[in-house]
Structure formats: C-alpha cells, structure tokens
Amino acid sequence: MTSPTRPNANIAGHLPEVARRHPENDAVVFLRGKSYQSWSFAKLDRTCDAYAHALARAGARRGDKALLMVRSGPELIAATFALFKLGVRPVLLDPGMGLKRMLRCVRHIQPDLYLGIPPAQAMRWLFPRSFRSVRRSFTLQGWFPGAPTLEKLAEGISEHFPLVEVPPEETAAILFTSGSTGPAKGVVYQHGMFQAQVRALKALFDFQPGEIDMPGYPLFALFDTALAMTSVIPELNPSRPASCDPARLVEAMLRFQVTTCQGSPAIWNRVGRHCLEHGVVFENLRRVITFGAPISGDLVDIWREILPEQGDVFTPYGATEALPVAFISGREILEETAERATEGAGTCVGRPAPGIELRTLRLSDEPITTWDDDLVLPPGEVGEVVVRGEVVTREYAGLPDETSAAKIPGADGSVWHRMGDLGYLDEQGRLWFCGRKAHRVQTGQGNLFPVQAEGMANNHPSVFRSALVGVGAPGQQEPVLVVELEPGHLPKELEHEERLIREILARYDEHETFRAIRRVLFHPGFPVDPRHNAKIHREELAVWAAEQLAAQ
C-alpha cells in the first residue's frame, strides 16, 4: 500500500480522470469490417472496469504476469488498463520477432495469465510446454475453446473498479525488446517510469487534449489515452510496417484530421512519397514522429513539402530501456545537421529530453560495476552513450547477467543505462549517433564507426542505403561497404559497376579516417528488423560480405 502522504502511482489512474474530464470525446477510432467505429473515453473506462472485475472474479491477482497477444484496438487498450488497475503486470511481445523467439520469451517470463486472440490461443495448444506456467487463459476479439471470452465474462458488469494503490517503484509491466540487435529481453517498467514518460512526451511535443493521433505501434495508443488524445488505429501490420498501403493511411489521416502520426521511418517514407506523387497536402498535421532508426534529410525534405507551415518532422531517440532520451526537429536537421551527416559527422539525434542526463564513456565491452567520472569523455570524442533519469529502466526480467552488463549503479542509488550505441556530444550539447557498439569495425589501425561512413555513401544519388561491416577477426577486420541501390540503378555492365564503386569510394579519399574503406559490394535488398523495417541486420550482411570476398 502507498502511504497516506504518497499519491497512488498506478498508471491506470489516467483513464478514469480523462473519462471524467472528456467523457464523450473519442478515445479510439478503429476499422471493423469496412467501416470505422469509435469508443468514447467514458465507454473505454466502463469497459476497462468491467474487464477488471471479470479478471478479478476469475482469479487474477496483484503481482501476476499476464501475457497480452491482442490486436490493436479498443480491447487492447481496455484490457491493458484493466490489468494495471488490478496490479497485474502486462507482458508485451513484439509480434514481428518470429515464432521461435517468441516461444523462448514466453518460456523465460513464465506468465500466470494469458489474454489472446483466437490465433494466439491456438499457439498455446500447439506449443503447450511454452505455456505450462499459465494458470488462466482468456480470449479477446473472438472465440476459442477452453479459454472463456473476456468480453462475455464482462457483460452486465457496470460497477466502478477501484485502482490498486501502488508505489512508483512497483513493477507495472514487462516490455520485450525487438531482438533486432541481440536476443529479445524483457524490460521491467515501474509505474513511476510510465508516469515520467507521460510527462516527458507532453513536455517535448506539447500534446493537448482532443488532438488526433495515428500511432504506428500499438503501445503508443496507451500514451494517447493518458494524454486525452484520440487514437486512430491505422490499417497496418505492426510486424511489417513497410508493407503498409500508403493510400489507406492517407485517407484516414485526411478523414479524421489527424494532428500527429507516429511510427517507423519505413511507414512515413512510403506515405510521404505517395503524397508527393498525388499532390496531397495536409492542413491539420502538426507532427510526424519517427522512431526506430535515424532518418535522412531527404525524408525531412519530402515531408516539409506536404506539411502545413506549423508542422514538422521529429525524431526522438531512445530504446525500450529508456525513452525518450534525445530529440531533434526536422527544421534543425535541414538547417544545421544534414549536411554535416554527409561529411562523416554521424547522425545528430538532438539534445537530451527533459529529465535526462547523458554522457559518453570510454569504449569497453566489460561490465562497469560502479560509476566513475573518469570514464566520461569530453565533447567531440566518440564513446558509448549512457543515460539516467526517471524514464530509464533499472533491470531486465530474470536476467541478472544482462542487467549487470547494461546497467551502471551510481553512488546515490541511481542507475545509468548503457544504450549500446556509440556517439559524441557537440559544442551545443547535441548527441551525434555513430552506430551500435557491437557494429564498430575494428581494424588494425583502430575503430571505424559505421553511421559516420554510411552518411557519406548515402549521399550518392544511386545509393538507397549502405552498411559498413567488418570481415575477419576483431582487431584485424577489413572494412567492407555493402550498398543497396535505388530501384533501377543496378549496373548492367562491369564498366558501369566499376565507375559507381569509384564514385562512392571517392567520397572517402579526403578523409584520413575512412581511407581504409576500399571494398564495395552491392546487395539486392538489406535484411532489416520487422518492428521498424529500418534497423539493418549487419551481422547477416557481414557474413554475406565474407562469403562474397571468399568467392572472388
């Protein structure tokens, strides 16, 4: 229980408060069949209370872990807030991580409850060993034998459900990383961390009640609810965002006068190009928020053509373990940082978000058991990015070794998180991202940082994207630039290929750091992560590059 002088930190408290202040406002707009439907905040709150009562009567207990595998929509939002109200901990997995990884995560986390759509319930039958910890199972958005339908259990329940009182440090949820840069890990979120995220997002973007958001990732609809904003659920497979139909997204954005849209750069690249081709201009859209990977000045340029004067593109930087960490606007990218990115500076991801302390440390692959100011690098020197603040998580669920490797205890009881990223701070206090620590190319002459080199190659008009990888043993690696060309730019003759390689390599000739790059290979299509369709699987490309060199 919380003390009488300590307010209840339960993150679910936002929903009844928003429903009290804006009962008839649309909370969520969603497509069912061929028509759009909506739930008001009052209906969402009533449904949440009914779900909470039904789950409690069925045996859900405070401290239980509940695996949620439900499609984006009002049921997902209501069920998640119901679990928060109960003090039950939702467990959210990335749907794009693949079946094998998903089952491994389920076995590791050992959920007590399972809330899933019918196909997810079928998975429990097909792989019972992975789900043997589940005590009770419930079906949402459909029917499945052996798992009662939560909507049916909640029918006729109209009583308010009181919030369980929790302190800020109590575990609220476990959110799994995508596994795109290593094994997927369950990140422990406390109620106080979620509260801090709501405050930080409001401070960064000045979100106002009644605004209309189109979230490209299901979790962000929960923040919309806490911020009294309407969520328009897009026609989008969150595990394959690059496969979206831009025309359908644009239709919904115009129809519901969306003021903010969020998601992977892969989504907004397709939507932006579609708008340019068809002359679409938005009058109400204030913010295009991209996350998951740095974006180019070209993407910002596209959106500046179709946004109103007051609109802009924003690229908050962070990770599942700490979000938001830093922030930059499209205007600042175009006016100050885009050109430097093409000259080998890396990608500027902006200034620290409110409440965030950010440092860069001397490179080390070993755990750091205590914080030491002597490890901190001066501005301009590339090192490992570390952060601390209220939104920074403190541990991985059931993974003490991984927690020790990623966290640095401070003398005051705080925790610094090692982002696993490389970067440096400039004279204005902005962070420049230079790549993942695990992806640095370790040559006999020193380290090469991928994003710095790639920014120079990506400025070539024929290059869609590139990846610098190392072939060989660390410390003696040969740097190889792997290039994915723009459609229609693949050389048809050896002479053209050799000329294109010379043009790309010429960009490094005047930079002593990058002169070691002498190999260029063309790849038909990069392997990327499912969640954002933007993070390049460089380990796979390194293996491919080694095979190509061996065959030459």
# chains A, B, ... in the order shown; residues from 1 in each chain; ligands from 1
call {"tool": "residues_around", "arguments": {"residues": "Ala9 of chain A", "least_positions_apart": "3", "cutoff": "8 Å", "atoms": "only C-alpha atoms", "output": "JSON list (two decimals) with N, CA, C and O atoms, in the first residue's frame"}}
result
[["chain", "number", "residue", "atom", "x", "y", "z"],
["A", 13, "GLY", "N", -4.57, 5.24, -13.45],
["A", 13, "GLY", "CA", -5.37, 6.35, -12.95],
["A", 13, "GLY", "C", -5.65, 7.42, -13.99],
["A", 13, "GLY", "O", -6.58, 8.22, -13.85],
["A", 165, "GLU", "N", -3.66, 0.50, -5.11],
["A", 165, "GLU", "CA", -2.67, 1.53, -4.78],
["A", 165, "GLU", "C", -1.27, 0.93, -4.87],
["A", 165, "GLU", "O", -0.98, -0.11, -4.30],
["A", 166, "VAL", "N", -0.42, 1.63, -5.63],
["A", 166, "VAL", "CA", 0.95, 1.13, -5.83],
["A", 166, "VAL", "C", 1.94, 2.28, -5.64],
["A", 166, "VAL", "O", 1.64, 3.43, -5.96],
["A", 167, "PRO", "N", 3.14, 1.98, -5.15],
["A", 167, "PRO", "CA", 4.19, 2.99, -5.09],
["A", 167, "PRO", "C", 4.85, 3.13, -6.46],
["A", 167, "PRO", "O", 4.72, 2.24, -7.31],
["A", 168, "PRO", "N", 5.58, 4.22, -6.72],
["A", 168, "PRO", "CA", 6.19, 4.43, -8.04],
["A", 168, "PRO", "C", 7.13, 3.31, -8.45],
["A", 168, "PRO", "O", 7.27, 3.03, -9.64],
["A", 191, "HIS", "N", 5.67, 1.69, -12.39],
["A", 191, "HIS", "CA", 4.59, 2.66, -12.60],
["A", 191, "HIS", "C", 5.14, 4.08, -12.68],
["A", 191, "HIS", "O", 4.69, 4.89, -13.50],
["A", 192, "GLY", "N", 6.13, 4.39, -11.84],
["A", 192, "GLY", "CA", 6.71, 5.73, -11.86],
["A", 192, "GLY", "C", 7.39, 6.06, -13.18],
["A", 192, "GLY", "O", 7.41, 7.22, -13.61],
["A", 195, "GLN", "N", 4.70, 7.05, -15.62],
["A", 195, "GLN", "CA", 4.25, 8.40, -15.31],
["A", 195, "GLN", "C", 5.24, 9.43, -15.84],
["A", 195, "GLN", "O", 4.86, 10.46, -16.40]]
call {"tool": "select_by_dssp", "arguments": {"residues": "segment 211-387 of chain A", "states": "alpha helix (DSSP H)", "output": "JSON, numbers by chain"}}
result
{"A": [219, 220, 221, 222, 223, 224, 225, 226, 246, 247, 248, 249, 250, 251, 252, 253, 254, 255, 265, 266, 267, 268, 269, 270, 271, 272, 273, 274, 275, 276, 277, 278, 297, 298, 299, 300, 301, 302, 303, 304, 305, 306, 330, 331, 332, 338, 339, 340, 341]}
call {"tool": "closest_residue", "arguments": {"among": "A:Val232, A:Leu99, A:Val187, A:Ala50", "to": "His160 of chain A", "atoms": "only C-alpha atoms"}}
result
A:Ala50
call {"tool": "residues_around", "arguments": {"residues": "segment 207-217 of chain A", "least_positions_apart": "5", "cutoff": "7 Å", "atoms": "only C-alpha atoms", "output": "mmCIF file with all heavy atoms, in the first residue's frame"}}
result
data_model
loop_
_atom_site.group_PDB
_atom_site.id
_atom_site.type_symbol
_atom_site.label_atom_id
_atom_site.label_comp_id
_atom_site.auth_asym_id
_atom_site.auth_seq_id
_atom_site.Cartn_x
_atom_site.Cartn_y
_atom_site.Cartn_z
ATOM 1 N N LYS A 202 4.612 14.891 -23.063
ATOM 2 C CA LYS A 202 3.826 16.136 -23.096
ATOM 3 C C LYS A 202 4.733 17.352 -23.165
ATOM 4 O O LYS A 202 4.467 18.307 -23.912
ATOM 5 C CB LYS A 202 2.923 16.224 -21.860
ATOM 6 C CG LYS A 202 2.000 17.434 -21.870
ATOM 7 C CD LYS A 202 0.974 17.374 -20.764
ATOM 8 C CE LYS A 202 0.081 18.613 -20.768
ATOM 9 N NZ LYS A 202 -0.607 18.818 -22.053
ATOM 10 N N LEU A 227 -2.917 10.899 -22.313
ATOM 11 C CA LEU A 227 -2.788 12.309 -22.680
ATOM 12 C C LEU A 227 -4.099 12.903 -23.194
ATOM 13 O O LEU A 227 -4.113 14.030 -23.687
ATOM 14 C CB LEU A 227 -1.706 12.458 -23.748
ATOM 15 C CG LEU A 227 -0.271 12.179 -23.265
ATOM 16 C CD1 LEU A 227 0.642 11.894 -24.455
ATOM 17 C CD2 LEU A 227 0.254 13.353 -22.454
ATOM 18 N N ALA A 228 -5.202 12.141 -23.090
ATOM 19 C CA ALA A 228 -6.534 12.598 -23.512
ATOM 20 C C ALA A 228 -6.597 12.884 -25.002
ATOM 21 O O ALA A 228 -7.336 13.756 -25.459
ATOM 22 C CB ALA A 228 -6.979 13.831 -22.711
ATOM 23 N N MET A 229 -5.836 12.135 -25.777
ATOM 24 C CA MET A 229 -5.841 12.273 -27.232
ATOM 25 C C MET A 229 -6.591 11.102 -27.857
ATOM 26 O O MET A 229 -6.628 10.005 -27.300
ATOM 27 C CB MET A 229 -4.411 12.315 -27.766
ATOM 28 C CG MET A 229 -3.610 13.517 -27.294
ATOM 29 S SD MET A 229 -1.841 13.336 -27.608
ATOM 30 C CE MET A 229 -1.818 13.207 -29.398
ATOM 31 N N THR A 230 -7.165 11.331 -29.022
ATOM 32 C CA THR A 230 -7.856 10.275 -29.755
ATOM 33 C C THR A 230 -6.843 9.466 -30.553
ATOM 34 O O THR A 230 -5.995 10.034 -31.244
ATOM 35 C CB THR A 230 -8.889 10.873 -30.720
ATOM 36 O OG1 THR A 230 -9.855 11.609 -29.978
ATOM 37 C CG2 THR A 230 -9.585 9.785 -31.524
ATOM 38 N N SER A 231 -6.942 8.151 -30.470
ATOM 39 C CA SER A 231 -6.112 7.260 -31.285
ATOM 40 C C SER A 231 -6.912 6.795 -32.496
ATOM 41 O O SER A 231 -7.987 6.208 -32.333
ATOM 42 C CB SER A 231 -5.685 6.025 -30.486
ATOM 43 O OG SER A 231 -4.742 6.353 -29.498
ATOM 44 N N VAL A 232 -6.396 7.059 -33.671
ATOM 45 C CA VAL A 232 -6.955 6.495 -34.904
ATOM 46 C C VAL A 232 -6.065 5.306 -35.259
ATOM 47 O O VAL A 232 -4.909 5.475 -35.637
ATOM 48 C CB VAL A 232 -6.980 7.522 -36.046
ATOM 49 C CG1 VAL A 232 -7.465 6.864 -37.332
ATOM 50 C CG2 VAL A 232 -7.869 8.706 -35.675
ATOM 51 N N ILE A 233 -6.595 4.093 -35.094
ATOM 52 C CA ILE A 233 -5.797 2.893 -35.318
ATOM 53 C C ILE A 233 -5.665 2.659 -36.823
ATOM 54 O O ILE A 233 -6.656 2.463 -37.524
ATOM 55 C CB ILE A 233 -6.436 1.666 -34.645
ATOM 56 C CG1 ILE A 233 -6.683 1.949 -33.156
ATOM 57 C CG2 ILE A 233 -5.557 0.439 -34.828
ATOM 58 C CD1 ILE A 233 -5.444 2.272 -32.345
ATOM 59 N N PRO A 234 -4.439 2.688 -37.340
ATOM 60 C CA PRO A 234 -4.264 2.584 -38.799
ATOM 61 C C PRO A 234 -4.421 1.154 -39.302
ATOM 62 O O PRO A 234 -4.309 0.189 -38.538
ATOM 63 C CB PRO A 234 -2.831 3.072 -39.005
ATOM 64 C CG PRO A 234 -2.128 2.716 -37.733
ATOM 65 C CD PRO A 234 -3.156 2.867 -36.645
ATOM 66 N N PRO A 238 1.679 -4.204 -37.520
ATOM 67 C CA PRO A 238 2.809 -3.662 -36.761
ATOM 68 C C PRO A 238 4.079 -4.479 -36.896
ATOM 69 O O PRO A 238 5.168 -3.976 -36.624
ATOM 70 C CB PRO A 238 2.298 -3.653 -35.314
ATOM 71 C CG PRO A 238 1.187 -4.652 -35.286
ATOM 72 C CD PRO A 238 0.571 -4.616 -36.645
ATOM 73 N N VAL A 258 -6.066 14.098 -38.640
ATOM 74 C CA VAL A 258 -5.016 13.694 -37.710
ATOM 75 C C VAL A 258 -4.031 14.847 -37.493
ATOM 76 O O VAL A 258 -3.634 15.530 -38.448
ATOM 77 C CB VAL A 258 -4.291 12.446 -38.269
ATOM 78 C CG1 VAL A 258 -3.005 12.166 -37.519
ATOM 79 C CG2 VAL A 258 -5.225 11.231 -38.198
ATOM 80 N N THR A 259 -3.662 15.075 -36.232
ATOM 81 C CA THR A 259 -2.698 16.132 -35.905
ATOM 82 C C THR A 259 -1.294 15.586 -35.654
ATOM 83 O O THR A 259 -0.322 16.335 -35.734
ATOM 84 C CB THR A 259 -3.157 16.920 -34.672
ATOM 85 O OG1 THR A 259 -3.316 16.023 -33.553
ATOM 86 C CG2 THR A 259 -4.472 17.636 -34.944
ATOM 87 N N THR A 260 -1.195 14.299 -35.327
ATOM 88 C CA THR A 260 0.102 13.659 -35.079
ATOM 89 C C THR A 260 0.074 12.259 -35.662
ATOM 90 O O THR A 260 -0.949 11.569 -35.579
ATOM 91 C CB THR A 260 0.402 13.562 -33.565
ATOM 92 O OG1 THR A 260 0.451 14.869 -33.006
ATOM 93 C CG2 THR A 260 1.735 12.868 -33.305
ATOM 94 N N CYS A 261 1.177 11.835 -36.267
ATOM 95 C CA CYS A 261 1.307 10.437 -36.657
ATOM 96 C C CYS A 261 2.684 9.952 -36.214
ATOM 97 O O CYS A 261 3.657 10.706 -36.215
ATOM 98 C CB CYS A 261 1.091 10.228 -38.150
ATOM 99 S SG CYS A 261 2.077 11.262 -39.232
ATOM 100 N N GLN A 262 2.745 8.699 -35.795
ATOM 101 C CA GLN A 262 3.962 8.141 -35.218
ATOM 102 C C GLN A 262 4.265 6.802 -35.874
ATOM 103 O O GLN A 262 3.355 6.078 -36.260
ATOM 104 C CB GLN A 262 3.791 7.924 -33.718
ATOM 105 C CG GLN A 262 3.292 9.109 -32.932
ATOM 106 C CD GLN A 262 3.075 8.745 -31.480
ATOM 107 O OE1 GLN A 262 3.861 8.029 -30.884
ATOM 108 N NE2 GLN A 262 1.994 9.245 -30.889
ATOM 109 N N GLY A 263 5.542 6.457 -35.946
ATOM 110 C CA GLY A 263 5.886 5.142 -36.460
ATOM 111 C C GLY A 263 7.266 5.095 -37.080
ATOM 112 O O GLY A 263 8.030 6.064 -37.049
#
call {"tool": "residues_around", "arguments": {"residues": "Thr403 of chain A", "least_positions_apart": "3", "cutoff": "12 Å", "atoms": "only C-alpha atoms", "output": "list in words"}}
result
Lys185, Gly186, Val187, Val188, Glu321, Pro367, Ile368, Thr369, Thr393, Arg394, Glu395, Tyr396, Ala397, Gly398, Leu399, Pro400, Ala406, Lys407, Ile408, Pro409, Val415, Trp416, His417 and Arg418 of chain A
call {"tool": "closest_residue", "arguments": {"among": "A:Pro354, A:Pro111, A:Pro16, A:Gly413", "to": "Leu204 of chain A", "atoms": "only C-alpha atoms"}}
result
A:Pro354
call {"tool": "select_by_dssp", "arguments": {"residues": "segment 16-95 of chain A", "states": "strand (DSSP E or B)", "output": "compact mmCIF listing (two decimals) with N, CA, C and O atoms, in the first residue's frame"}}
result
# COMPACT_ATOMS: atom_id res chain seq x y z
N ASP A 26 -13.92 11.09 -28.44
CA ASP A 26 -13.48 9.79 -28.95
C ASP A 26 -12.12 9.43 -28.34
O ASP A 26 -11.17 10.20 -28.42
N ALA A 27 -12.06 8.23 -27.77
CA ALA A 27 -10.80 7.72 -27.24
C ALA A 27 -10.05 6.96 -28.33
O ALA A 27 -8.83 7.09 -28.46
N VAL A 28 -10.79 6.17 -29.11
CA VAL A 28 -10.16 5.35 -30.13
C VAL A 28 -11.11 5.19 -31.31
O VAL A 28 -12.31 4.97 -31.13
N VAL A 29 -10.56 5.35 -32.50
CA VAL A 29 -11.30 5.15 -33.76
C VAL A 29 -10.62 3.99 -34.47
O VAL A 29 -9.40 3.95 -34.60
N PHE A 30 -11.41 3.03 -34.94
CA PHE A 30 -10.84 1.80 -35.47
C PHE A 30 -11.73 1.24 -36.58
O PHE A 30 -12.93 1.54 -36.64
N LEU A 31 -11.14 0.43 -37.42
CA LEU A 31 -11.86 -0.15 -38.55
C LEU A 31 -12.34 -1.55 -38.19
O LEU A 31 -11.56 -2.39 -37.75
N ARG A 32 -13.63 -1.80 -38.34
CA ARG A 32 -14.20 -3.13 -38.18
C ARG A 32 -14.97 -3.46 -39.45
O ARG A 32 -15.92 -2.76 -39.80
N SER A 35 -16.09 -0.50 -42.17
CA SER A 35 -16.49 0.81 -41.64
C SER A 35 -15.74 1.13 -40.36
O SER A 35 -15.32 0.23 -39.61
N TYR A 36 -15.58 2.42 -40.13
CA TYR A 36 -14.92 2.88 -38.91
C TYR A 36 -15.92 2.97 -37.77
O TYR A 36 -17.08 3.36 -37.96
N GLN A 37 -15.46 2.60 -36.58
CA GLN A 37 -16.24 2.72 -35.36
C GLN A 37 -15.41 3.50 -34.34
O GLN A 37 -14.22 3.71 -34.54
N SER A 38 -16.06 3.89 -33.25
CA SER A 38 -15.31 4.62 -32.22
C SER A 38 -15.85 4.29 -30.83
O SER A 38 -17.01 3.91 -30.68
N TRP A 39 -14.97 4.40 -29.86
CA TRP A 39 -15.33 4.33 -28.44
C TRP A 39 -14.99 5.66 -27.80
O TRP A 39 -13.90 6.21 -28.05
N SER A 40 -15.88 6.16 -26.98
CA SER A 40 -15.60 7.36 -26.21
C SER A 40 -14.72 7.00 -25.01
O SER A 40 -14.56 5.82 -24.66
N LYS A 65 1.72 -12.03 -13.74
CA LYS A 65 2.17 -11.60 -15.06
C LYS A 65 1.17 -12.09 -16.10
O LYS A 65 0.84 -13.28 -16.11
N ALA A 66 0.69 -11.19 -16.93
CA ALA A 66 -0.33 -11.53 -17.93
C ALA A 66 0.21 -11.27 -19.32
O ALA A 66 0.46 -10.12 -19.71
N LEU A 67 0.39 -12.33 -20.09
CA LEU A 67 0.84 -12.21 -21.48
C LEU A 67 -0.32 -11.73 -22.33
O LEU A 67 -1.39 -12.34 -22.35
N LEU A 68 -0.10 -10.60 -23.04
CA LEU A 68 -1.14 -10.00 -23.87
C LEU A 68 -0.77 -10.17 -25.34
O LEU A 68 0.27 -9.70 -25.79
N MET A 69 -1.63 -10.86 -26.08
CA MET A 69 -1.43 -11.01 -27.52
C MET A 69 -2.75 -10.70 -28.21
O MET A 69 -3.54 -11.59 -28.56
N ARG A 89 0.67 -7.44 -14.06
CA ARG A 89 1.72 -6.89 -14.92
C ARG A 89 1.58 -7.39 -16.36
O ARG A 89 1.87 -8.56 -16.65
N PRO A 90 1.15 -6.54 -17.28
CA PRO A 90 1.08 -6.97 -18.68
C PRO A 90 2.48 -7.30 -19.21
O PRO A 90 3.46 -6.62 -18.89
N VAL A 91 2.54 -8.33 -20.03
CA VAL A 91 3.77 -8.70 -20.73
C VAL A 91 3.50 -8.53 -22.22
O VAL A 91 2.59 -9.16 -22.76
N LEU A 92 4.26 -7.65 -22.87
CA LEU A 92 4.03 -7.34 -24.27
C LEU A 92 5.22 -7.79 -25.09
O LEU A 92 6.37 -7.40 -24.82
call {"tool": "residues_around", "arguments": {"residues": "Gly311 of chain A", "least_positions_apart": "2", "cutoff": "6 Å", "atoms": "only C-alpha atoms", "output": "ChimeraX atom specification"}}
result
/A:286-287,307-309
call {"tool": "write_last_selection", "arguments": {"atoms": "all heavy atoms", "output": "PDB file, in the first residue's frame"}}
result
ATOM      1  N   ARG A 286       0.428  18.355 -37.489  1.00  0.00           N
ATOM      2  CA  ARG A 286       1.457  19.178 -36.836  1.00  0.00           C
ATOM      3  C   ARG A 286       2.764  18.434 -36.641  1.00  0.00           C
ATOM      4  O   ARG A 286       3.829  19.042 -36.596  1.00  0.00           O
ATOM      5  CB  ARG A 286       0.961  19.652 -35.464  1.00  0.00           C
ATOM      6  CG  ARG A 286      -0.339  20.413 -35.483  1.00  0.00           C
ATOM      7  CD  ARG A 286      -0.765  20.775 -34.069  1.00  0.00           C
ATOM      8  NE  ARG A 286      -2.169  21.153 -34.019  1.00  0.00           N
ATOM      9  CZ  ARG A 286      -2.845  21.364 -32.903  1.00  0.00           C
ATOM     10  NH1 ARG A 286      -2.235  21.235 -31.735  1.00  0.00           N
ATOM     11  NH2 ARG A 286      -4.121  21.682 -32.937  1.00  0.00           N
ATOM     12  N   ARG A 287       2.677  17.113 -36.474  1.00  0.00           N
ATOM     13  CA  ARG A 287       3.872  16.352 -36.108  1.00  0.00           C
ATOM     14  C   ARG A 287       3.899  15.013 -36.841  1.00  0.00           C
ATOM     15  O   ARG A 287       2.925  14.267 -36.810  1.00  0.00           O
ATOM     16  CB  ARG A 287       3.911  16.067 -34.602  1.00  0.00           C
ATOM     17  CG  ARG A 287       3.593  17.246 -33.710  1.00  0.00           C
ATOM     18  CD  ARG A 287       3.414  16.788 -32.259  1.00  0.00           C
ATOM     19  NE  ARG A 287       2.823  17.831 -31.430  1.00  0.00           N
ATOM     20  CZ  ARG A 287       1.517  18.015 -31.274  1.00  0.00           C
ATOM     21  NH1 ARG A 287       0.658  17.222 -31.929  1.00  0.00           N
ATOM     22  NH2 ARG A 287       1.068  18.973 -30.482  1.00  0.00           N
ATOM     23  N   LEU A 307       3.560  19.212 -45.396  1.00  0.00           N
ATOM     24  CA  LEU A 307       3.066  19.641 -44.089  1.00  0.00           C
ATOM     25  C   LEU A 307       2.681  21.114 -44.129  1.00  0.00           C
ATOM     26  O   LEU A 307       3.233  21.895 -44.911  1.00  0.00           O
ATOM     27  CB  LEU A 307       4.146  19.443 -43.026  1.00  0.00           C
ATOM     28  CG  LEU A 307       4.386  18.020 -42.523  1.00  0.00           C
ATOM     29  CD1 LEU A 307       5.652  17.974 -41.660  1.00  0.00           C
ATOM     30  CD2 LEU A 307       3.193  17.505 -41.738  1.00  0.00           C
ATOM     31  N   PRO A 308       1.758  21.539 -43.262  1.00  0.00           N
ATOM     32  CA  PRO A 308       1.473  22.972 -43.158  1.00  0.00           C
ATOM     33  C   PRO A 308       2.659  23.699 -42.523  1.00  0.00           C
ATOM     34  O   PRO A 308       3.592  23.069 -42.014  1.00  0.00           O
ATOM     35  CB  PRO A 308       0.244  23.015 -42.248  1.00  0.00           C
ATOM     36  CG  PRO A 308       0.317  21.764 -41.438  1.00  0.00           C
ATOM     37  CD  PRO A 308       0.942  20.734 -42.342  1.00  0.00           C
ATOM     38  N   GLU A 309       2.626  25.018 -42.528  1.00  0.00           N
ATOM     39  CA  GLU A 309       3.742  25.827 -42.041  1.00  0.00           C
ATOM     40  C   GLU A 309       4.107  25.468 -40.602  1.00  0.00           C
ATOM     41  O   GLU A 309       5.285  25.418 -40.234  1.00  0.00           O
ATOM     42  CB  GLU A 309       3.387  27.317 -42.135  1.00  0.00           C
ATOM     43  CG  GLU A 309       4.478  28.250 -41.637  1.00  0.00           C
ATOM     44  CD  GLU A 309       5.777  28.107 -42.417  1.00  0.00           C
ATOM     45  OE1 GLU A 309       5.721  27.787 -43.617  1.00  0.00           O
ATOM     46  OE2 GLU A 309       6.851  28.320 -41.815  1.00  0.00           O
TER      47      GLU A 309
END
call {"tool": "residues_around", "arguments": {"residues": "Ala200 of chain A", "least_positions_apart": "3", "cutoff": "12 Å", "atoms": "only C-alpha atoms", "output": "list in words"}}
result
Met193, Phe194, Gln195, Ala196, Gln197, Ala203, Leu204, Phe205, Asp206, Phe207, Phe223, Leu227, Pro316, Ala322, Leu323, Pro324, Val325, Ala326, Phe327, Pro352, Ala353, Pro354, Gly355, Ile356, Gly389, Glu390, Val391 and Val392 of chain A
call {"tool": "write_last_selection", "arguments": {"atoms": "C-alpha atoms", "output": "mmCIF file, in the first residue's frame"}}
result
data_model
loop_
_atom_site.group_PDB
_atom_site.id
_atom_site.type_symbol
_atom_site.label_atom_id
_atom_site.label_comp_id
_atom_site.auth_asym_id
_atom_site.auth_seq_id
_atom_site.Cartn_x
_atom_site.Cartn_y
_atom_site.Cartn_z
ATOM 1 C CA MET A 193 8.596 5.265 -15.126
ATOM 2 C CA PHE A 194 5.383 5.262 -17.147
ATOM 3 C CA GLN A 195 4.251 8.403 -15.308
ATOM 4 C CA ALA A 196 7.576 10.054 -16.156
ATOM 5 C CA GLN A 197 7.201 9.075 -19.830
ATOM 6 C CA ALA A 203 6.765 18.455 -22.420
ATOM 7 C CA LEU A 204 8.533 17.522 -25.676
ATOM 8 C CA PHE A 205 5.569 17.763 -28.049
ATOM 9 C CA ASP A 206 3.055 19.970 -26.235
ATOM 10 C CA PHE A 207 0.287 17.422 -26.799
ATOM 11 C CA PHE A 223 0.014 7.033 -24.134
ATOM 12 C CA LEU A 227 -2.788 12.309 -22.680
ATOM 13 C CA PRO A 316 13.065 11.212 -30.734
ATOM 14 C CA ALA A 322 14.939 4.320 -21.988
ATOM 15 C CA LEU A 323 12.520 6.504 -23.943
ATOM 16 C CA PRO A 324 12.645 9.391 -24.746
ATOM 17 C CA VAL A 325 16.381 10.110 -24.465
ATOM 18 C CA ALA A 326 17.026 12.871 -27.005
ATOM 19 C CA PHE A 327 15.074 14.899 -29.529
ATOM 20 C CA PRO A 352 18.693 15.354 -24.113
ATOM 21 C CA ALA A 353 14.976 15.077 -23.363
ATOM 22 C CA PRO A 354 13.585 16.669 -20.172
ATOM 23 C CA GLY A 355 14.931 14.912 -17.070
ATOM 24 C CA ILE A 356 17.636 13.000 -18.949
ATOM 25 C CA GLY A 389 16.656 9.723 -15.470
ATOM 26 C CA GLU A 390 13.127 8.870 -14.387
ATOM 27 C CA VAL A 391 12.289 7.155 -17.691
ATOM 28 C CA VAL A 392 15.389 4.922 -17.564
#
call {"tool": "closest_residue", "arguments": {"among": "A:Pro491, A:Gly410, A:Gly525, A:Pro118", "to": "Ser466 of chain A", "atoms": "only C-alpha atoms"}}
result
A:Gly525
call {"tool": "residues_around", "arguments": {"residues": "Ala411 of chain A", "least_positions_apart": "4", "cutoff": "10 Å", "atoms": "only C-alpha atoms", "output": "list in words"}}
result
Thr370, Trp371, Asp372 and Val415 of chain A
call {"tool": "closest_residue", "arguments": {"among": "A:Ala52, A:Ala78, A:Ala184, A:Ala551", "to": "Met97 of chain A", "atoms": "only C-alpha atoms"}}
result
A:Ala184
call {"tool": "closest_residue", "arguments": {"among": "A:His496, A:Arg359, A:Arg465, A:Arg71", "to": "Ser296 of chain A", "atoms": "only C-alpha atoms"}}
result
A:Arg465
call {"tool": "closest_atom_pairs", "arguments": {"of": "segment 251-356 of chain A", "to": "segment 436-448 of chain A", "cutoff": "12 Å", "atoms": "only C-alpha atoms", "output": "tab-separated table"}}
result
residue	atom	partner	partner_atom	distance
A:Ala293	CA	A:Arg436	CA	11.3
A:Gly344	CA	A:Leu448	CA	11.0
A:Gly346	CA	A:Leu448	CA	11.6
call {"tool": "write_last_selection", "arguments": {"atoms": "C-alpha atoms", "output": "PDB file, in the first residue's frame"}}
result
ATOM      1  CA  ALA A 293      16.225   4.374 -36.776  1.00  0.00           C
ATOM      2  CA  GLY A 344      31.123  11.909 -41.948  1.00  0.00           C
ATOM      3  CA  GLY A 346      27.284  10.811 -37.987  1.00  0.00           C
TER       4      GLY A 346
END
